[in-house]
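One structure is given below, encoded as structure tokens.
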Amino acid sequence: MRVFRLLILILSLSLSLKADLNEEIESILKQSANSKSFKSYVAKKDLKKLEKKYKAKKDFSIRIYGDSHMAADFFPRVIRDYLLRSNAVGFAYALQPKYQQNLNLTYGFKNFTILNSKITDEKQHNYPLGGIIAKADKKGATINLNTKLETKEFKVGFLFKAPFSQNAFSVKDAKDKSFILRSNAKDKWSYKEIISTFPLKITALQENAELGGYFIMDKKGKSIFLDTIAINGARSDLWKSWNLDVMKKELSTLKNDLIILAYGSNDALLRDFNAVEFKKNYKELFKILRQENKNAIFMLISPPTVTQKKGKDYILSPNFHAVKKAIYELAKEEKTLLFDMHEFMQESGGKALWIEKKFSLRDVHLSIKGYELMAKKMLDELRKFFD
């Protein structure tokens, strides 16, 4: 009985703390109603088109490209949960690198190695969109993939390759249906779609066979989702280490209505940051994305306060304001929406207060609740433009 009472007390305290925290978040959002953290350089008619498509709820997708602020899925999860009623996952990595997650999926694996285009020693690999590969250490290596969505039956596209133009992977679904993924040519990326029911068990039929990602879509072709293509430590030029031809084919598989680009934190930490090169790389990426998403609205997210360790203290990165200035220029030149995370932090007390309130860590990252607050602020501002 004592244990039961203790559990009830702990539960009531945790619910009380959560309620207090939610009240604090709502209070901060109300106080920052006249924020300067959000700007629009998008034509009103284009915003109206986006709003109309969103309200139709037939098919609508958002994709976020970015770094660690997006890779843990805390910020994207809030946008996904508050804005969409997802019936699909969209693009997902074959396996998630350490400290990354996709909160729509659960992964289990055995005898696979994760290759990452961010890691210098692994850059020489033939990376597809997203820059993450799951490579089978031996024949018989397995991945167990499941979804947390209510829907379990999807059209699933697999990107894969293998050393030989033979059967590369087998896929077994929850209804005991089996599918074979066969390479079209040795050591070249192939793509195959199947209709299957989760959970899935994926088995390598060749040593060194590779998976480059999944496209998990509504089987009727009316997908509503928010997906993320983000890597811890990514800079705005990471895409240049991906296979551009394969990347373009993948971009044509799933079209996006709103594309969010959230880079800059790691660029600001460079000793030799070059604003001209930064903008040039970003503009090239815009051009590639627009070729396959002609009607998409774009948004740039400027990073939160970027600090770096110096001795025992953390100081503002010397390049932070140069990165922020370049992002503002890009938003105006590329006619995008812009959300400035640093500006919102400043308006709501600054980095020191965010750390005190446990909304931010001492380094560049926010806490889970900090990302929730930041994402809700972005949504509030986006709604104003729709209204």
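Each chain in the structure tokens gets a letter, A, B, ..., in the order shown, and its residues are numbered from 1; ligands are numbered from 1 in order too.
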TODO: Determine, counting only C-alpha atoms, which protein, DNA and RNA residues have an atom within 6 Å of an atom of region 106-117 of chain A; residues of the same chain fewer than 3 positions away are not included. Present the result as a PyMOL selection string.
DONE: chain A and resi 123+131-137+141-146
Open item on the list: Taking 5 positions as the minimum chain separation for residues in the same chain, which residues sit within 9 Å of Glu250 (chain A) when counting only C-alpha atoms? Answer as a ChimeraX atom specification.
Closed with: /A:128-129,159,245
Open item on the list: So that I can check the surroundings of region 92-94 of chain A, please list as an MDAnalysis selection string every protein, DNA and RNA residue that reaches within 7 Å of it, counting only C-alpha atoms and ignoring chain neighbours fewer than 2 positions away.
Closed with: chainID A and resid 90 96 132:134 211:215
TODO: Select, from A:Ser360, A:Ser165, A:Thr336, A:Ser367, the residue with the minimum atom-to-atom distance to Lys44 (chain A), counting only C-alpha atoms.
DONE: A:Thr336
Task: Residue among A:Ser86, A:Ser196, A:Gln100, A:Thr305 lying closest to Lys222 (chain A), counting only C-alpha atoms - done: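 For Lys222 (chain A), the nearest of the given residues is A:Ser86.
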Which residues of region 248-319 of chain A come within 8 Å of region 50-58 of chain A, and what is each one's closest atom pair and distance in Å (one decimal), counting only C-alpha atoms, sorted by chain and residue number, as a tab-separated table?
residue	atom	partner	partner_atom	distance
A:Asp257	CA	A:Leu50	CA	7.0
A:Leu258	CA	A:Leu50	CA	8.0
A:Ile297	CA	A:Leu50	CA	7.4
- [ ] Could you please determine the separation between CA of Phe91 (chain A) and CA of Asp227 (chain A) in Å, to one decimal place?
- [x]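 These atoms are spaced 6.0 Å apart.
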Open item on the list: Using DSSP secondary structure from the backbone, list all strand (DSSP E) positions within region 130-301 of chain A, as number ranges by chain.
Closed with: A: 132-136, 142-147, 153-161, 167-172, 178-182, 190-197, 200-204, 210-217, 224-230, 258-262, 297-301
Open item on the list: Set the distance at 9 Å and use only C-alpha atoms: which residues neighbour Ala185 (chain A) once local chain neighbours fewer than 3 positions away are removed? I'd like the list as a PyMOL selection string.
Closed with: chain A and resi 161-166+182+188-190
Open item on the list: I'd like the interatomic distance between CA of Gln31 (chain A) and CA of Ser317 (chain A), to a tenth of an Å.
Closed with: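 About the pair CA of Gln31 (chain A) and CA of Ser317 (chain A): they are 28.0 Å apart.
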Hey, what's within 12 Å of Glu26 (chain A) if we count only C-alpha atoms and toss same-chain stuff fewer than 3 positions away? As a JSON list (two decimals) with N, CA, C and O atoms, in the first residue's frame, please?
[["chain", "number", "residue", "atom", "x", "y", "z"],
["A", 19, "ALA", "N", 2.08, 20.46, -16.06],
["A", 19, "ALA", "CA", 1.08, 21.51, -16.22],
["A", 19, "ALA", "C", 1.70, 22.88, -16.00],
["A", 19, "ALA", "O", 1.44, 23.83, -16.76],
["A", 20, "ASP", "N", 2.55, 23.00, -14.97],
["A", 20, "ASP", "CA", 3.22, 24.28, -14.70],
["A", 20, "ASP", "C", 4.11, 24.68, -15.86],
["A", 20, "ASP", "O", 4.14, 25.86, -16.24],
["A", 21, "LEU", "N", 4.82, 23.71, -16.42],
["A", 21, "LEU", "CA", 5.71, 23.99, -17.54],
["A", 21, "LEU", "C", 4.93, 24.42, -18.77],
["A", 21, "LEU", "O", 5.31, 25.36, -19.47],
["A", 22, "ASN", "N", 3.81, 23.73, -19.05],
["A", 22, "ASN", "CA", 2.97, 24.10, -20.18],
["A", 22, "ASN", "C", 2.40, 25.51, -20.01],
["A", 22, "ASN", "O", 2.31, 26.27, -20.96],
["A", 23, "GLU", "N", 2.02, 25.85, -18.76],
["A", 23, "GLU", "CA", 1.53, 27.20, -18.47],
["A", 23, "GLU", "C", 2.62, 28.23, -18.73],
["A", 23, "GLU", "O", 2.35, 29.31, -19.25],
["A", 29, "LEU", "N", 4.71, 32.58, -24.79],
["A", 29, "LEU", "CA", 4.18, 32.79, -26.14],
["A", 29, "LEU", "C", 3.26, 34.02, -26.19],
["A", 29, "LEU", "O", 3.29, 34.80, -27.14],
["A", 30, "LYS", "N", 2.45, 34.20, -25.16],
["A", 30, "LYS", "CA", 1.55, 35.36, -25.11],
["A", 30, "LYS", "C", 2.34, 36.66, -24.99],
["A", 30, "LYS", "O", 2.02, 37.67, -25.62],
["A", 31, "GLN", "N", 3.39, 36.63, -24.17],
["A", 31, "GLN", "CA", 4.20, 37.82, -23.95],
["A", 31, "GLN", "C", 4.97, 38.24, -25.20],
["A", 31, "GLN", "O", 5.33, 39.40, -25.36],
["A", 32, "SER", "N", 5.21, 37.28, -26.08],
["A", 32, "SER", "CA", 5.99, 37.58, -27.29],
["A", 32, "SER", "C", 5.10, 37.67, -28.52],
["A", 32, "SER", "O", 5.52, 37.38, -29.64],
["A", 33, "ALA", "N", 3.87, 38.10, -28.31],
["A", 33, "ALA", "CA", 2.90, 38.16, -29.41],
["A", 33, "ALA", "C", 3.33, 39.10, -30.52],
["A", 33, "ALA", "O", 3.02, 38.89, -31.69],
["A", 372, "GLU", "N", 10.28, 22.42, -27.81],
["A", 372, "GLU", "CA", 8.82, 22.49, -27.87],
["A", 372, "GLU", "C", 8.36, 23.94, -27.89],
["A", 372, "GLU", "O", 7.50, 24.33, -28.71],
["A", 373, "LEU", "N", 8.93, 24.76, -27.02],
["A", 373, "LEU", "CA", 8.60, 26.18, -26.98],
["A", 373, "LEU", "C", 8.93, 26.85, -28.32],
["A", 373, "LEU", "O", 8.13, 27.61, -28.88],
["A", 374, "MET", "N", 10.11, 26.55, -28.85],
["A", 374, "MET", "CA", 10.56, 27.16, -30.09],
["A", 374, "MET", "C", 9.64, 26.78, -31.25],
["A", 374, "MET", "O", 9.26, 27.62, -32.08],
["A", 376, "LYS", "N", 6.49, 25.75, -31.09],
["A", 376, "LYS", "CA", 5.16, 26.36, -30.92],
["A", 376, "LYS", "C", 5.18, 27.82, -31.32],
["A", 376, "LYS", "O", 4.20, 28.34, -31.88],
["A", 377, "LYS", "N", 6.29, 28.49, -31.03],
["A", 377, "LYS", "CA", 6.41, 29.89, -31.44],
["A", 377, "LYS", "C", 6.39, 30.00, -32.97],
["A", 377, "LYS", "O", 5.70, 30.86, -33.53],
["A", 380, "ASP", "N", 2.85, 29.54, -34.16],
["A", 380, "ASP", "CA", 2.03, 30.73, -33.87],
["A", 380, "ASP", "C", 2.25, 31.81, -34.93],
["A", 380, "ASP", "O", 1.31, 32.43, -35.41]]
Open item on the list: Residues near Ile79 (chain A), anyone? I mean within 10 Å using only C-alpha atoms, not counting same-chain ones fewer than 6 positions away, as number ranges by chain.
Closed with: A: 62, 73, 226, 372, 375-376, 378-379
Resulting file, chosen residues, C-alpha atoms, as an mmCIF file, in the first residue's frame:
data_model
loop_
_atom_site.group_PDB
_atom_site.id
_atom_site.type_symbol
_atom_site.label_atom_id
_atom_site.label_comp_id
_atom_site.auth_asym_id
_atom_site.auth_seq_id
_atom_site.Cartn_x
_atom_site.Cartn_y
_atom_site.Cartn_z
ATOM 1 C CA ILE A 62 6.559 19.189 -45.063
ATOM 2 C CA ASP A 73 13.021 15.037 -33.895
ATOM 3 C CA LEU A 226 6.365 15.726 -42.067
ATOM 4 C CA GLU A 372 8.818 22.490 -27.866
ATOM 5 C CA ALA A 375 8.404 25.031 -32.408
ATOM 6 C CA LYS A 376 5.159 26.358 -30.918
ATOM 7 C CA MET A 378 7.144 29.152 -35.094
ATOM 8 C CA LEU A 379 3.655 27.704 -35.534
#
Task: Contacts of Leu289 (chain A) at 10 Å (only C-alpha atoms; same-chain gap of 3+ positions) as a PyMOL selection string - done: chain A and resi 247-248+251-252+255-256+259+283-286+292-294+296+298
Now that the selection is made, can you save its residues with N, CA and C atoms as a PDB file, in the first residue's frame?
ATOM      1  N   MET A 247      20.115  11.655 -55.776  1.00  0.00           N
ATOM      2  CA  MET A 247      19.367  12.604 -54.947  1.00  0.00           C
ATOM      3  C   MET A 247      18.188  13.207 -55.722  1.00  0.00           C
ATOM      4  N   LYS A 248      18.413  13.605 -56.970  1.00  0.00           N
ATOM      5  CA  LYS A 248      17.352  14.204 -57.785  1.00  0.00           C
ATOM      6  C   LYS A 248      16.225  13.213 -58.054  1.00  0.00           C
ATOM      7  N   LEU A 251      14.204  12.948 -54.907  1.00  0.00           N
ATOM      8  CA  LEU A 251      13.383  14.143 -54.692  1.00  0.00           C
ATOM      9  C   LEU A 251      12.108  14.090 -55.521  1.00  0.00           C
ATOM     10  N   SER A 252      12.166  13.441 -56.679  1.00  0.00           N
ATOM     11  CA  SER A 252      10.982  13.340 -57.535  1.00  0.00           C
ATOM     12  C   SER A 252       9.985  12.302 -57.015  1.00  0.00           C
ATOM     13  N   LYS A 255       6.988  14.723 -53.489  1.00  0.00           N
ATOM     14  CA  LYS A 255       6.977  16.179 -53.606  1.00  0.00           C
ATOM     15  C   LYS A 255       6.623  16.798 -52.253  1.00  0.00           C
ATOM     16  N   ASN A 256       7.122  18.010 -52.033  1.00  0.00           N
ATOM     17  CA  ASN A 256       6.856  18.703 -50.769  1.00  0.00           C
ATOM     18  C   ASN A 256       6.139  20.024 -51.014  1.00  0.00           C
ATOM     19  N   ILE A 259       9.067  23.397 -47.522  1.00  0.00           N
ATOM     20  CA  ILE A 259      10.421  22.888 -47.291  1.00  0.00           C
ATOM     21  C   ILE A 259      11.137  23.831 -46.340  1.00  0.00           C
ATOM     22  N   LYS A 283      22.343  28.572 -52.130  1.00  0.00           N
ATOM     23  CA  LYS A 283      21.586  28.886 -53.340  1.00  0.00           C
ATOM     24  C   LYS A 283      21.566  27.700 -54.314  1.00  0.00           C
ATOM     25  N   GLU A 284      22.681  26.982 -54.385  1.00  0.00           N
ATOM     26  CA  GLU A 284      22.731  25.793 -55.235  1.00  0.00           C
ATOM     27  C   GLU A 284      21.742  24.747 -54.739  1.00  0.00           C
ATOM     28  N   LEU A 285      21.660  24.591 -53.417  1.00  0.00           N
ATOM     29  CA  LEU A 285      20.707  23.641 -52.843  1.00  0.00           C
ATOM     30  C   LEU A 285      19.273  24.073 -53.133  1.00  0.00           C
ATOM     31  N   PHE A 286      18.977  25.359 -53.005  1.00  0.00           N
ATOM     32  CA  PHE A 286      17.651  25.874 -53.357  1.00  0.00           C
ATOM     33  C   PHE A 286      17.286  25.504 -54.796  1.00  0.00           C
ATOM     34  N   GLU A 292      12.437  20.002 -58.420  1.00  0.00           N
ATOM     35  CA  GLU A 292      11.479  18.916 -58.189  1.00  0.00           C
ATOM     36  C   GLU A 292      10.285  19.349 -57.336  1.00  0.00           C
ATOM     37  N   ASN A 293      10.319  20.580 -56.833  1.00  0.00           N
ATOM     38  CA  ASN A 293       9.234  21.083 -55.979  1.00  0.00           C
ATOM     39  C   ASN A 293       8.884  22.502 -56.419  1.00  0.00           C
ATOM     40  N   LYS A 294       8.371  22.601 -57.638  1.00  0.00           N
ATOM     41  CA  LYS A 294       8.169  23.912 -58.271  1.00  0.00           C
ATOM     42  C   LYS A 294       7.158  24.782 -57.528  1.00  0.00           C
ATOM     43  N   ALA A 296       6.509  24.577 -54.166  1.00  0.00           N
ATOM     44  CA  ALA A 296       6.749  24.577 -52.719  1.00  0.00           C
ATOM     45  C   ALA A 296       7.072  25.964 -52.181  1.00  0.00           C
ATOM     46  N   PHE A 298       9.265  27.854 -49.291  1.00  0.00           N
ATOM     47  CA  PHE A 298      10.484  27.575 -48.532  1.00  0.00           C
ATOM     48  C   PHE A 298      10.548  28.438 -47.273  1.00  0.00           C
TER      49      PHE A 298
END
Open item on the list: Calculated over only C-alpha atoms, which of the candidates A:Pro304, A:Pro199, A:Pro97, A:Pro76 has the smallest distance to Lys351 (chain A)?
Closed with: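 So, comparing all the options, the nearest one is A:Pro304.
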Open item on the list: So that I can check the secondary structure, give me every residue of region 153-334 of chain A assigned helix (DSSP H, G or I) by backbone DSSP, as a PyMOL selection string.
Closed with: chain A and resi 238-241+244-253+265-268+275-292+320-334
